[in-house]
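work_18.cif follows (mmCIF, C-alpha atoms):
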data_start
loop_
_atom_site.label_atom_id
_atom_site.label_comp_id
_atom_site.auth_asym_id
_atom_site.auth_seq_id
_atom_site.Cartn_x
_atom_site.Cartn_y
_atom_site.Cartn_z
CA MET A 1 155.84 1.09 105.92
CA LYS A 2 159.42 2.28 105.56
CA SER A 3 160.05 4.19 102.33
CA LEU A 4 163.26 5.23 100.61
CA ILE A 5 163.22 7.87 97.88
CA VAL A 6 166.30 7.94 95.65
CA PHE A 7 166.74 10.32 92.73
CA SER A 8 169.18 11.52 90.13
CA SER A 9 168.78 15.07 88.87
CA LYS A 10 171.06 17.23 86.76
CA SER A 11 168.75 20.22 86.26
CA GLY A 12 166.54 20.00 89.36
CA ASN A 13 163.51 18.60 87.52
CA THR A 14 163.67 15.10 88.97
CA ARG A 15 164.52 16.55 92.39
CA LYS A 16 161.12 18.35 92.31
CA LEU A 17 159.38 15.05 91.65
CA ALA A 18 161.35 13.34 94.43
CA GLN A 19 160.34 16.04 96.89
CA ALA A 20 156.68 15.61 95.86
CA VAL A 21 156.95 11.84 96.42
CA TYR A 22 158.51 12.48 99.83
CA ALA A 23 155.71 14.90 100.77
CA ALA A 24 153.02 12.46 99.62
CA LEU A 25 154.24 9.58 101.79
CA SER A 26 153.01 9.55 105.36
CA SER A 27 155.08 6.61 106.56
CA GLU A 28 158.64 6.53 107.84
CA LYS A 29 160.68 7.90 104.94
CA ALA A 30 164.06 9.14 103.80
CA ILE A 31 165.19 10.91 100.62
CA TYR A 32 168.63 10.86 99.01
CA PRO A 33 170.35 11.84 95.78
CA VAL A 34 171.47 8.61 94.13
CA GLU A 35 175.15 9.31 94.78
CA GLU A 36 174.48 9.47 98.55
CA ALA A 37 171.76 6.80 98.77
CA PRO A 38 172.10 3.91 101.18
CA GLU A 39 171.61 0.33 100.04
CA PRO A 40 167.93 -0.31 99.35
CA TYR A 41 167.69 -3.30 101.69
CA GLY A 42 165.30 -2.97 104.60
CA SER A 43 162.91 -0.59 102.85
CA ASP A 44 159.35 -1.67 102.14
CA LEU A 45 159.06 0.80 99.25
CA VAL A 46 161.85 2.21 97.13
CA ALA A 47 160.85 5.14 94.90
CA VAL A 48 163.49 5.82 92.27
CA GLY A 49 163.58 8.92 90.07
CA PHE A 50 165.83 9.58 87.12
CA TRP A 51 166.50 11.62 84.01
CA LEU A 52 167.01 10.07 80.60
CA GLN A 53 170.27 9.57 78.80
CA ALA A 54 170.11 7.96 75.35
CA GLY A 55 166.61 6.67 76.01
CA GLN A 56 167.47 5.00 79.32
CA PRO A 57 167.77 5.91 82.97
CA ASP A 58 171.01 7.80 83.62
CA PRO A 59 174.01 5.55 84.43
CA GLU A 60 174.05 6.21 88.20
CA THR A 61 170.39 5.28 88.47
CA GLN A 62 170.92 2.16 86.39
CA ALA A 63 173.59 1.02 88.84
CA TYR A 64 171.28 1.68 91.79
CA LEU A 65 168.30 -0.09 90.22
CA LYS A 66 170.42 -3.22 89.83
CA LYS A 67 170.83 -3.33 93.64
CA ILE A 68 167.11 -3.54 94.29
CA GLY A 69 165.79 -6.99 95.04
CA GLN A 70 162.27 -8.03 95.94
CA GLN A 71 161.09 -4.70 97.28
CA LYS A 72 158.10 -2.73 96.10
CA VAL A 73 159.28 -0.05 93.66
CA PHE A 74 157.76 3.14 92.29
CA LEU A 75 159.58 4.63 89.28
CA PHE A 76 159.47 8.28 88.21
CA ALA A 77 161.31 10.24 85.56
CA THR A 78 161.67 13.58 83.80
CA HIS A 79 162.73 14.11 80.21
CA GLY A 80 162.47 16.49 77.27
CA ALA A 81 160.34 14.10 75.21
CA ALA A 82 156.55 14.05 75.11
CA VAL A 83 155.06 12.06 78.00
CA ASP A 84 153.45 9.45 75.76
CA SER A 85 156.38 9.22 73.32
CA GLY A 86 158.14 6.03 72.39
CA HIS A 87 161.29 7.57 73.87
CA ALA A 88 159.67 7.91 77.31
CA ARG A 89 158.08 4.44 77.13
CA GLN A 90 161.43 2.91 76.11
CA ALA A 91 163.17 4.50 79.09
CA MET A 92 160.62 3.16 81.57
CA ALA A 93 160.85 -0.28 79.97
CA ALA A 94 164.65 -0.14 80.34
CA ALA A 95 164.25 0.74 84.03
CA ARG A 96 161.79 -2.13 84.59
CA GLU A 97 164.23 -4.58 82.95
CA LEU A 98 166.81 -3.68 85.60
CA LEU A 99 164.36 -4.80 88.31
CA PRO A 100 163.69 -8.49 87.60
CA GLU A 101 162.80 -9.38 91.20
CA ALA A 102 161.00 -6.19 92.21
CA ASP A 103 157.27 -5.63 92.60
CA ILE A 104 156.86 -2.47 90.51
CA ILE A 105 153.73 -0.85 91.96
CA GLY A 106 153.66 2.00 89.46
CA GLU A 107 155.47 4.61 87.48
CA PHE A 108 155.19 8.25 86.49
CA ASN A 109 156.97 10.37 83.94
CA CYS A 110 156.64 13.95 82.80
CA GLN A 111 158.50 16.47 80.75
CA GLY A 112 161.23 18.47 82.38
CA GLU A 113 162.67 21.69 81.07
CA VAL A 114 165.93 21.07 79.24
CA ASN A 115 168.89 23.34 79.84
CA PRO A 116 169.36 25.62 76.79
CA ARG A 117 173.05 24.67 76.59
CA VAL A 118 172.10 21.01 76.41
CA LEU A 119 169.54 21.79 73.69
CA GLU A 120 172.18 23.63 71.69
CA LYS A 121 174.64 20.76 72.03
CA VAL A 122 172.20 18.00 71.06
CA ALA A 123 170.76 20.03 68.17
CA ALA A 124 174.19 19.86 66.54
CA LYS A 125 174.19 16.05 66.56
CA GLN A 126 173.48 14.20 63.34
CA PRO A 127 170.95 12.83 63.42
CA PRO A 128 169.41 14.90 66.22
CA PRO A 129 167.86 12.94 69.11
CA VAL A 130 164.25 11.89 68.65
CA TRP A 131 163.05 13.93 71.65
CA LEU A 132 164.45 17.24 70.43
CA ALA A 133 161.25 18.25 68.62
CA ASP A 134 159.29 17.84 71.89
CA ALA A 135 161.73 19.86 74.01
CA PRO A 136 160.11 23.31 73.50
CA GLN A 137 156.91 22.01 75.15
CA ALA A 138 158.96 20.95 78.19
CA GLU A 139 159.64 24.56 79.17
CA GLY A 140 158.34 25.27 82.67
CA HIS A 141 157.94 21.59 83.57
CA PRO A 142 157.56 19.94 85.91
CA ASP A 143 154.85 22.35 86.92
CA ARG A 144 152.17 22.33 89.62
CA ASN A 145 149.88 20.14 87.48
CA ASP A 146 152.66 17.60 86.93
CA LEU A 147 153.33 17.42 90.66
CA GLU A 148 149.64 16.98 91.43
CA ARG A 149 149.37 14.20 88.82
CA LEU A 150 152.38 12.51 90.41
CA ARG A 151 150.77 12.62 93.87
CA THR A 152 147.54 11.20 92.46
CA VAL A 153 149.31 8.36 90.63
CA LEU A 154 151.38 7.50 93.70
CA GLU A 155 148.34 7.51 96.00
CA GLU A 156 146.46 5.20 93.62
CA CYS A 157 149.42 2.83 93.46
CA LEU A 158 149.73 2.73 97.25
CA LYS A 159 146.01 1.90 97.61
CA ARG A 160 146.57 -1.27 95.59
CA VAL A 161 149.50 -2.41 97.75
#
Full structure transcribed into structure tokens:
Amino acid sequence: MKSLIVFSSKSGNTRKLAQAVYAALSSEKAIYPVEEAPEPYGSDLVAVGFWLQAGQPDPETQAYLKKIGQQKVFLFATHGAAVDSGHARQAMAAARELLPEADIIGEFNCQGEVNPRVLEKVAAKQPPPVWLADAPQAEGHPDRNDLERLRTVLEECLKRV
């Protein structure tokens, strides 16, 4: 199986997840930041990682997701919100909507530490974003446990393919 891992990361959080996905795959594989990623065609599996902007995948990732056709896809994301929050669920749903032809084999999301300058900026917004109250718990994430959970989820998804 030929796998392509594509990610967008502003703070390095999603890059950590992308590297864990890369390490977990034993097949032919390549990893790219979204701005350098090749077209997804010809890959058996496309794993796409992103950060959230306004409750959706970041704009560069959205553009890339729209290029994916009938391939198998694994989605992963980092964010300041709680993992099981409506904000996180909404973002994954938005990503899935951009993949009408894809076979989405699974997804993973976890908190990612938010840059203090970003926290300061968004705290001044009225109303503040819904995820802001969860952001203090994101400190230090993704951590070793998050990366292990990601590997486990990915391995389980690949067993079903």
Do you know which residues are at most 10 Å from Leu52 in chain A counting only C-alpha atoms, after dropping those on the same chain fewer than 4 positions away, and could you put them as a PDB file with C-alpha atoms, in the frame of the given file?
ATOM      1  CA  SER A   8     169.180  11.520  90.130  1.00  0.00           C
ATOM      2  CA  SER A   9     168.780  15.070  88.870  1.00  0.00           C
ATOM      3  CA  GLN A  56     167.470   5.000  79.320  1.00  0.00           C
ATOM      4  CA  PRO A  57     167.770   5.910  82.970  1.00  0.00           C
ATOM      5  CA  ASP A  58     171.010   7.800  83.620  1.00  0.00           C
ATOM      6  CA  PRO A  59     174.010   5.550  84.430  1.00  0.00           C
ATOM      7  CA  THR A  61     170.390   5.280  88.470  1.00  0.00           C
ATOM      8  CA  ALA A  77     161.310  10.240  85.560  1.00  0.00           C
ATOM      9  CA  THR A  78     161.670  13.580  83.800  1.00  0.00           C
ATOM     10  CA  HIS A  79     162.730  14.110  80.210  1.00  0.00           C
ATOM     11  CA  GLY A  80     162.470  16.490  77.270  1.00  0.00           C
ATOM     12  CA  ALA A  81     160.340  14.100  75.210  1.00  0.00           C
ATOM     13  CA  HIS A  87     161.290   7.570  73.870  1.00  0.00           C
ATOM     14  CA  ALA A  88     159.670   7.910  77.310  1.00  0.00           C
ATOM     15  CA  ALA A  91     163.170   4.500  79.090  1.00  0.00           C
ATOM     16  CA  MET A  92     160.620   3.160  81.570  1.00  0.00           C
TER      17      MET A  92
END
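Picture a line from CA of Ser3 in chain A to CA of Ala95 in chain A; it runs 19.1 Å.
Between Gln53 in chain A and the candidates A:Gln137, A:Gln70, A:Gln126, A:Gln90, the tightest atom-to-atom separation, counting only C-alpha atoms, involves A:Gln90.
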Residue members of the PyMOL selection byres ((chain A and resi 72) around 12) in the file shown, as a ChimeraX atom specification: /A:1-5,40-48,68-71,73-75,99-107,157-158,160-161
Restrict the selected residues to C-alpha atoms and save them as a PDB file, keeping the file's coordinate frame.
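So result-v2.pdb came out as:
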ATOM      1  CA  MET A   1     155.840   1.090 105.920  1.00  0.00           C
ATOM      2  CA  LYS A   2     159.420   2.280 105.560  1.00  0.00           C
ATOM      3  CA  SER A   3     160.050   4.190 102.330  1.00  0.00           C
ATOM      4  CA  LEU A   4     163.260   5.230 100.610  1.00  0.00           C
ATOM      5  CA  ILE A   5     163.220   7.870  97.880  1.00  0.00           C
ATOM      6  CA  PRO A  40     167.930  -0.310  99.350  1.00  0.00           C
ATOM      7  CA  TYR A  41     167.690  -3.300 101.690  1.00  0.00           C
ATOM      8  CA  GLY A  42     165.300  -2.970 104.600  1.00  0.00           C
ATOM      9  CA  SER A  43     162.910  -0.590 102.850  1.00  0.00           C
ATOM     10  CA  ASP A  44     159.350  -1.670 102.140  1.00  0.00           C
ATOM     11  CA  LEU A  45     159.060   0.800  99.250  1.00  0.00           C
ATOM     12  CA  VAL A  46     161.850   2.210  97.130  1.00  0.00           C
ATOM     13  CA  ALA A  47     160.850   5.140  94.900  1.00  0.00           C
ATOM     14  CA  VAL A  48     163.490   5.820  92.270  1.00  0.00           C
ATOM     15  CA  ILE A  68     167.110  -3.540  94.290  1.00  0.00           C
ATOM     16  CA  GLY A  69     165.790  -6.990  95.040  1.00  0.00           C
ATOM     17  CA  GLN A  70     162.270  -8.030  95.940  1.00  0.00           C
ATOM     18  CA  GLN A  71     161.090  -4.700  97.280  1.00  0.00           C
ATOM     19  CA  VAL A  73     159.280  -0.050  93.660  1.00  0.00           C
ATOM     20  CA  PHE A  74     157.760   3.140  92.290  1.00  0.00           C
ATOM     21  CA  LEU A  75     159.580   4.630  89.280  1.00  0.00           C
ATOM     22  CA  LEU A  99     164.360  -4.800  88.310  1.00  0.00           C
ATOM     23  CA  PRO A 100     163.690  -8.490  87.600  1.00  0.00           C
ATOM     24  CA  GLU A 101     162.800  -9.380  91.200  1.00  0.00           C
ATOM     25  CA  ALA A 102     161.000  -6.190  92.210  1.00  0.00           C
ATOM     26  CA  ASP A 103     157.270  -5.630  92.600  1.00  0.00           C
ATOM     27  CA  ILE A 104     156.860  -2.470  90.510  1.00  0.00           C
ATOM     28  CA  ILE A 105     153.730  -0.850  91.960  1.00  0.00           C
ATOM     29  CA  GLY A 106     153.660   2.000  89.460  1.00  0.00           C
ATOM     30  CA  GLU A 107     155.470   4.610  87.480  1.00  0.00           C
ATOM     31  CA  CYS A 157     149.420   2.830  93.460  1.00  0.00           C
ATOM     32  CA  LEU A 158     149.730   2.730  97.250  1.00  0.00           C
ATOM     33  CA  ARG A 160     146.570  -1.270  95.590  1.00  0.00           C
ATOM     34  CA  VAL A 161     149.500  -2.410  97.750  1.00  0.00           C
TER      35      VAL A 161
END
Selection under test: the PyMOL selection byres ((chain A and resi 112) around 12); residues as a ChimeraX atom specification: /A:9-17,50-52,76-83,88,109-111,113-115,131,134-143,146-147
Picked residues, the PyMOL selection byres ((chain A and resi 24) around 8), as a ChimeraX atom specification: /A:20-23,25-26,151,154-155
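If you look at CA of Val6 in chain A and CA of Arg89 in chain A, they are 20.6 Å away from each other.
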d(CA of Tyr64 in chain A, CA of Ala94 in chain A) in Å: 13.4 Å
Draw an axis-aligned box over all listed atoms of range 76-82 of chain A, pad each side with 5 Å, and write its centre and edge lengths in Å, one decimal, as AutoDock Vina command-line options.
--center_x 159.6 --center_y 12.4 --center_z 81.7 --size_x 16.2 --size_y 18.2 --size_z 23.1
